[in-house]
Every structure is written in structure tokens, then in C-alpha cells.
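J.: Before I ask anything, let me first share the structure, which is written out below as C-alpha cells.
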Amino acid sequence: MASSQSGCTAVAPVTASTVQTPEGTAEKPLTVGSITNPDSPLPKVPPPGAKIRYNSVHTDQMVLAMTFDDGPHPVNTPKLLDLLKERNIKATFFLVGERVKMHPEIVRRILAEGHEVANHTWTHPSLVSISDEKIRSEFQRTADAIWEAAQYRPHLMRPPFGATNKRIEQFVFNEFGYSSITWSVDPNDWRRPGVQVVANRLIAGAHKGAIMLSHDIHAPTIEAMPQVFDTLLAKGYKFLTVSQLINLEQQSTPVGVIMTPEAEKEKEAAPKASKPKSGNSKARKA
Ligand SMILES: [Zn+2]
């Protein structure tokens with residue numbers, strides 16, 4: 001594997017300033033396999049006032065989020081974690097409760113390596129065809145299993161099959177405080193179209209603020225990832241978790257500026273900074 005010489009720390013870290021040029025890097029020749037993702041100072045939990053639903057975020061920065069659904073899988077998820085670690089990429093995992101219960105050690109590893117864990121129900125039902133009581137128990141059991149495995153409480157959920165509606169989103173937001181996360185790029189990897197097709201679709205679909213869907217229970221999806229990661233890094237994309245993306249949108253900072261958590265706190269403490277609490281607040285146009 002290409003990882004032989006790149007035990008993640010051996011590779012010179014790419015500083016934020018080299019990757020952050022929002023536009024310029026896209027036109028340069030790709031140097032696949034030699035770039036690692038820079039660390040981000042953005043908070044890993046959603047900010048106050050996070051919206052009820054996101055399928056992408058509005059930003060002028062070259063950032064996106066990779067999301068992986070339906071795990072943890074005993075073989076494929078650890079393989080994926082290795083690939084992510086080699087590149088210092090942080091992803092978001094929408095976990096199914098039943099599998100959390102079966103593989104708690106993988107949940108711990110996901111979190112220990114800096115990724116985000118989110119709630120994808122206990123049995124993966126379509127939320128639009130079950131009762132509110134059942135919806136509540138699907139998320140509650142999963143939240144409890146994640147807590148039991150890793151003492152972590154998720155902040156986001158994804159509806160299985162993307163099947164949801166405004167009423168359900170509001171219900172889950174009220175009950176659990178979860179923002180509902182769908183996606184803006186879907187390679188349909190669960191149909192198993194082939195490794196190269198999955199890679200091509202993700203690379204072609206990538207855009208600023210994208211939330212990209214994939215499933216870490218399918219071996220061909222994992223096989224597609226080195227090419228996806230390395231190509232997008234070479235194009236100048238920076239990978240964030242979904243909650244980090246949400247923070248980026250919320251901050252409504254000028255292009256190219258990433259605020260540290262400390263700076264953000266100061267901003268919030270300032271008397272003028274009365275942020276609208278409603279979930280619909282859009283980033284101000286400067
Ligand atoms: Zn799913």
C-alpha cells in the first residue's frame with residue numbers, strides 16, 4: 001500500500017496557510033498521495049443556533065465533510081480509519097445502534113482518532129413510516145449505546161435512506177437537540193457500481209461546503225477512498241467534520257479567515273454580538 005512511508009506523522013504537515021488559498025490550488029497539477037489534511041481549530045460540536053437541517057453549508061472556503069453511514073463494520077471501518085489517519089482527515093460517522101452494541105471498541109477508536117460520531121437510529125428504519133414513540137426509542141437506544149461504548153453524546157443525526165420531513169426533523173430536534181444531516185453529494189455506493197465509479201462521482205461532485213455521503217460497510221467504497229482523499233487534497237480541499245462545517249457557516253467570517261475557539265468566545269462575549277437564536281439565521285453579507 002502507499003502507506004508504507006507515510007505513517008501519518010512522518011509526512012511534513014501541510015500548514016493551514018498553504019492549503020487555504022481558496023481558489024488558486026485547483027488549477028495546479030495534482031500531486032496525489034503527498035498531502036495530508038491540516039488540523040482545524042474549529043469546534044467539534046455544533047454552535048448555539050445550529051439549524052434544524054443541513055444538506056451542505058454555505059462557505060467560500062475549500063472545505064467539505066466526508067460522512068460514512070451504517071457502521072461500525074468490524075473489517076471495513078478499521079481499514080477506513082487507517083486511511084483517514086494516514087492523511088490526518090477527520091470524518092463523521094453516522095452509526096447504527098445495533099452495530100455500536102456489537103463493536104463498541106471501534107466506536108472508541110473512531111472518537112479517539114478525532115472523528116465525529118452521530119446517530120443513525122438503532123435498526124435503520126424509514127422514519128416516515130414509524131410512530132413518534134418508535135422514532136424516539138430508535139434514537140434514544142442508539143444514544144445510550146454510544147454513551148455506554150465511549151461516554152460520548154452525539155449532536156447530529158441522519159435519517160435512514162434520507163427519508164424524513166420537516167415535522168420529524170423538528171420532533172427530533174426538540175427531543176434530542178439533533179440537527180438532521182442529509183447530503184449534497186451521493187455516489188450511490190450502496191448499489192456497488194464499482195470502485196472507480198464511486199471515486200469519480202465523489203470527486204466530480206465535491207464542492208465548497210459539501211456534505212458527501214458514503215457507507216463504510218461496503219468494501220469497494222473503502223477501496224475508492226485513497227483516490228478520493230488524495231485527489232481532493234491535491235485540489236486544495238480541506239476535510240472537516242460536519243459539526244466543524246456548521247461552525248464555519250455560523251461564524252460568517254470573511255473568506256480565508258478561520259477564527260480560533262478563543263477568538264470566537266471573545267466575539268460571543270462582546271456586548272454587540274447579539275446573535276439571533278433562531279435556527280434560520282443566515283450568514284450576513286458583509
Ligand atoms: Zn443508512
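Residues are referred to by chain and number: the chain letter is A, B, ... according to the order shown in the C-alpha cells, the number counts from 1 in that chain, and ligands are numbered separately from 1 in the order shown.
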Taking only C-alpha atoms and all ligand atoms and a cut-off of 10 Å, can you tell me which residues surround ligand 1, written as a PDB file with C-alpha atoms, in the first residue's frame?
T.:
```
ATOM      1  CA  PHE A  68     -19.844   7.404   6.487  1.00  0.00           C
ATOM      2  CA  ASP A  69     -23.078   5.638   7.330  1.00  0.00           C
ATOM      3  CA  ASP A  70     -24.327   2.348   8.740  1.00  0.00           C
ATOM      4  CA  GLY A  71     -21.223   1.171  10.614  1.00  0.00           C
ATOM      5  CA  PHE A  94     -23.405   8.044  11.380  1.00  0.00           C
ATOM      6  CA  LEU A  95     -23.604   4.880  13.434  1.00  0.00           C
ATOM      7  CA  VAL A  96     -26.362   2.283  13.665  1.00  0.00           C
ATOM      8  CA  HIS A 120     -28.272   6.918  12.605  1.00  0.00           C
ATOM      9  CA  THR A 121     -31.002   5.062  14.602  1.00  0.00           C
ATOM     10  CA  THR A 123     -32.404  -0.585  13.415  1.00  0.00           C
ATOM     11  CA  HIS A 124     -32.231   1.733  10.366  1.00  0.00           C
ATOM     12  CA  PRO A 125     -35.985   2.125   9.731  1.00  0.00           C
ATOM     13  CA  SER A 126     -37.610   4.705   7.488  1.00  0.00           C
ATOM     14  CA  ARG A 158     -29.083  11.295   9.791  1.00  0.00           C
ATOM     15  CA  PRO A 159     -32.436   9.813   8.755  1.00  0.00           C
ATOM     16  CA  PRO A 160     -32.013   6.322   7.244  1.00  0.00           C
ATOM     17  CA  PHE A 161     -32.489   6.440   3.448  1.00  0.00           C
ATOM     18  CA  GLY A 162     -32.719  10.229   3.802  1.00  0.00           C
ATOM     19  CA  TRP A 190     -24.528   1.038  -1.814  1.00  0.00           C
ATOM     20  CA  LEU A 213     -22.329  10.530   1.611  1.00  0.00           C
ATOM     21  CA  SER A 214     -20.697   7.091   1.666  1.00  0.00           C
ATOM     22  CA  HIS A 215     -21.058   3.811   3.524  1.00  0.00           C
ATOM     23  CA  ILE A 217     -19.868  -1.183   5.420  1.00  0.00           C
TER      24      ILE A 217
END
```
J.: Could you give me, as a tab-separated table, a per-residue list for region 146-246 of chain A showing, wherever an atom lies at most 10 Å from an atom of region 35-49 of chain A, the closest pair of atoms and their distance in Å to one decimal, using only C-alpha atoms and sorting by chain then residue number from low to high?
T.:
```
residue	atom	partner	partner_atom	distance
A:Pro154	CA	A:Val45	CA	8.8
A:His155	CA	A:Val45	CA	7.0
A:Leu156	CA	A:Pro46	CA	8.5
A:Tyr178	CA	A:Pro46	CA	9.5
A:Ser179	CA	A:Pro46	CA	8.8
A:Phe229	CA	A:Asn37	CA	9.3
A:Asp230	CA	A:Ile35	CA	7.1
A:Thr231	CA	A:Ile35	CA	9.5
A:Leu232	CA	A:Ile35	CA	9.8
A:Leu233	CA	A:Ile35	CA	6.4
A:Ala234	CA	A:Ile35	CA	6.7
A:Gly236	CA	A:Ile35	CA	9.5
A:Tyr237	CA	A:Asn37	CA	8.5
A:Lys238	CA	A:Asn37	CA	6.1
A:Phe239	CA	A:Asn37	CA	6.7
A:Leu240	CA	A:Ser40	CA	7.4
A:Thr241	CA	A:Lys44	CA	7.2
A:Val242	CA	A:Lys44	CA	8.3
A:Ser243	CA	A:Pro46	CA	4.9
A:Gln244	CA	A:Lys44	CA	5.4
A:Leu245	CA	A:Leu42	CA	8.3
A:Ile246	CA	A:Pro46	CA	6.3
```
J.: Output as a CSV table (one decimal) with N, CA and C atoms, in the first residue's frame all residues of region 31-171 of chain A that backbone DSSP marks as strand (DSSP E or B).
T.:
```csv
chain,number,residue,atom,x,y,z
A,53,ARG,N,-31.7,21.6,10.1
A,53,ARG,CA,-31.3,20.7,9.0
A,53,ARG,C,-30.2,21.2,8.1
A,54,TYR,N,-29.4,20.4,7.7
A,54,TYR,CA,-28.3,20.8,6.7
A,54,TYR,C,-28.2,19.7,5.6
A,56,SER,N,-25.8,20.8,3.1
A,56,SER,CA,-24.5,21.3,2.8
A,56,SER,C,-24.4,22.6,3.6
A,63,VAL,N,-13.6,23.7,1.7
A,63,VAL,CA,-13.8,22.8,2.8
A,63,VAL,C,-15.0,21.9,2.5
A,64,LEU,N,-15.0,20.7,3.0
A,64,LEU,CA,-16.1,19.8,2.8
A,64,LEU,C,-16.0,18.7,3.9
A,65,ALA,N,-17.1,17.9,4.0
A,65,ALA,CA,-17.1,16.9,5.1
A,65,ALA,C,-17.4,15.5,4.4
A,66,MET,N,-16.6,14.5,4.7
A,66,MET,CA,-16.9,13.2,4.3
A,66,MET,C,-17.7,12.5,5.5
A,67,THR,N,-18.8,11.9,5.1
A,67,THR,CA,-19.6,11.2,6.1
A,67,THR,C,-19.8,9.7,5.7
A,68,PHE,N,-19.8,8.9,6.7
A,68,PHE,CA,-19.8,7.4,6.5
A,68,PHE,C,-21.0,6.8,7.3
A,69,ASP,N,-21.9,6.1,6.7
A,69,ASP,CA,-23.1,5.6,7.3
A,69,ASP,C,-23.1,4.1,7.6
A,92,THR,N,-17.0,12.1,9.6
A,92,THR,CA,-18.2,12.0,10.5
A,92,THR,C,-18.9,10.6,10.2
A,93,PHE,N,-19.1,9.9,11.3
A,93,PHE,CA,-19.6,8.5,11.2
A,93,PHE,C,-21.1,8.5,11.8
A,94,PHE,N,-22.0,8.2,10.9
A,94,PHE,CA,-23.4,8.0,11.4
A,94,PHE,C,-23.6,6.6,11.7
A,95,LEU,N,-23.6,6.3,13.0
A,95,LEU,CA,-23.6,4.9,13.4
A,95,LEU,C,-25.0,4.3,13.7
A,116,GLU,N,-16.0,12.6,14.2
A,116,GLU,CA,-17.3,12.8,14.9
A,116,GLU,C,-18.2,11.6,14.8
A,117,VAL,N,-18.9,11.3,15.8
A,117,VAL,CA,-19.9,10.2,15.9
A,117,VAL,C,-21.3,10.8,15.9
A,118,ALA,N,-22.2,10.3,15.1
A,118,ALA,CA,-23.5,10.8,15.1
A,118,ALA,C,-24.5,9.6,15.0
A,119,ASN,N,-25.8,10.0,15.3
A,119,ASN,CA,-26.8,9.0,15.5
A,119,ASN,C,-27.6,8.6,14.2
A,156,LEU,N,-25.7,15.2,16.2
A,156,LEU,CA,-26.3,15.2,14.9
A,156,LEU,C,-27.0,13.8,14.6
A,157,MET,N,-27.9,13.8,13.7
A,157,MET,CA,-28.5,12.6,13.3
A,157,MET,C,-28.6,12.6,11.8
```
J.: Write out as a ChimeraX atom specification the set of residues from region 107-244 of chain A that DSSP, computed on the backbone, places in helix (DSSP H, G or I).
T.: /A:107-112,127-129,132-150,160-162,166-176,189-191,195-205,219-234,242-244
J.: Taking into account only C-alpha atoms, which residue in the set A:Asp216, A:Ser137, A:Ala150, A:Ser184 is nearest to His73 (chain A)?
T.: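 Among A:Asp216, A:Ser137, A:Ala150, A:Ser184, it is A:Asp216 that comes nearest to His73 (chain A).
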J.: How many Å separate CA of Ile135 (chain A) from CA of Thr182 (chain A)?
T.: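 The value is 17.1 Å.
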J.: Identify which of the residues A:Lys79, A:Arg109, A:Arg153, A:Arg191 lies closest to Pro226 (chain A), counting only C-alpha atoms when measuring atom-to-atom distances.
T.: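 Of A:Lys79, A:Arg109, A:Arg153, A:Arg191, the one nearest Pro226 (chain A) is A:Lys79, counting only C-alpha atoms.
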J.: Just give me the gap between CA of Lys101 (chain A) and CA of Gly114 (chain A) in Å, one decimal is fine.
T.: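 Interatomic distance, CA of Lys101 (chain A) to CA of Gly114 (chain A): 20.5 Å.
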J.: Write out as an NGL selection string each polymer residue whose atoms come within 10 Å of Arg108 (chain A), counting only C-alpha atoms; drop sequence neighbours fewer than 2 positions from it.
T.: :A and (100 or 103-106 or 110-113 or 117 or 146 or 149-152)
J.: Limited to C-alpha atoms, could you put the picked residues into a file as a tab-separated table (two decimals), in the first residue's frame?
T.:
```
chain	number	residue	atom	x	y	z
A	100	VAL	CA	-22.49	0.09	18.10
A	103	HIS	CA	-18.45	-3.22	18.12
A	104	PRO	CA	-18.01	-0.71	20.96
A	105	GLU	CA	-14.22	-0.82	20.61
A	106	ILE	CA	-14.48	0.58	17.08
A	110	ILE	CA	-13.37	6.50	15.90
A	111	LEU	CA	-13.65	9.07	18.67
A	112	ALA	CA	-10.10	8.65	19.93
A	113	GLU	CA	-8.82	9.48	16.45
A	117	VAL	CA	-19.86	10.23	15.86
A	146	ILE	CA	-22.80	5.23	22.15
A	149	ALA	CA	-19.32	2.42	24.49
A	150	ALA	CA	-17.46	5.71	24.68
A	151	GLN	CA	-19.12	8.17	27.10
A	152	TYR	CA	-19.94	10.44	24.17
```
J.: Between A:Lys166, A:Ile130, A:Glu98, A:Ile181, which is the closest to Ala145 (chain A) once you count only C-alpha atoms?
T.: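 Under the stated criterion, the closest residue is A:Glu98.
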J.: Contacts of Pro193 (chain A) at 10 Å or less, counting only C-alpha atoms, minus same-chain residues fewer than 6 places along, as a count of residues only?
T.: 3
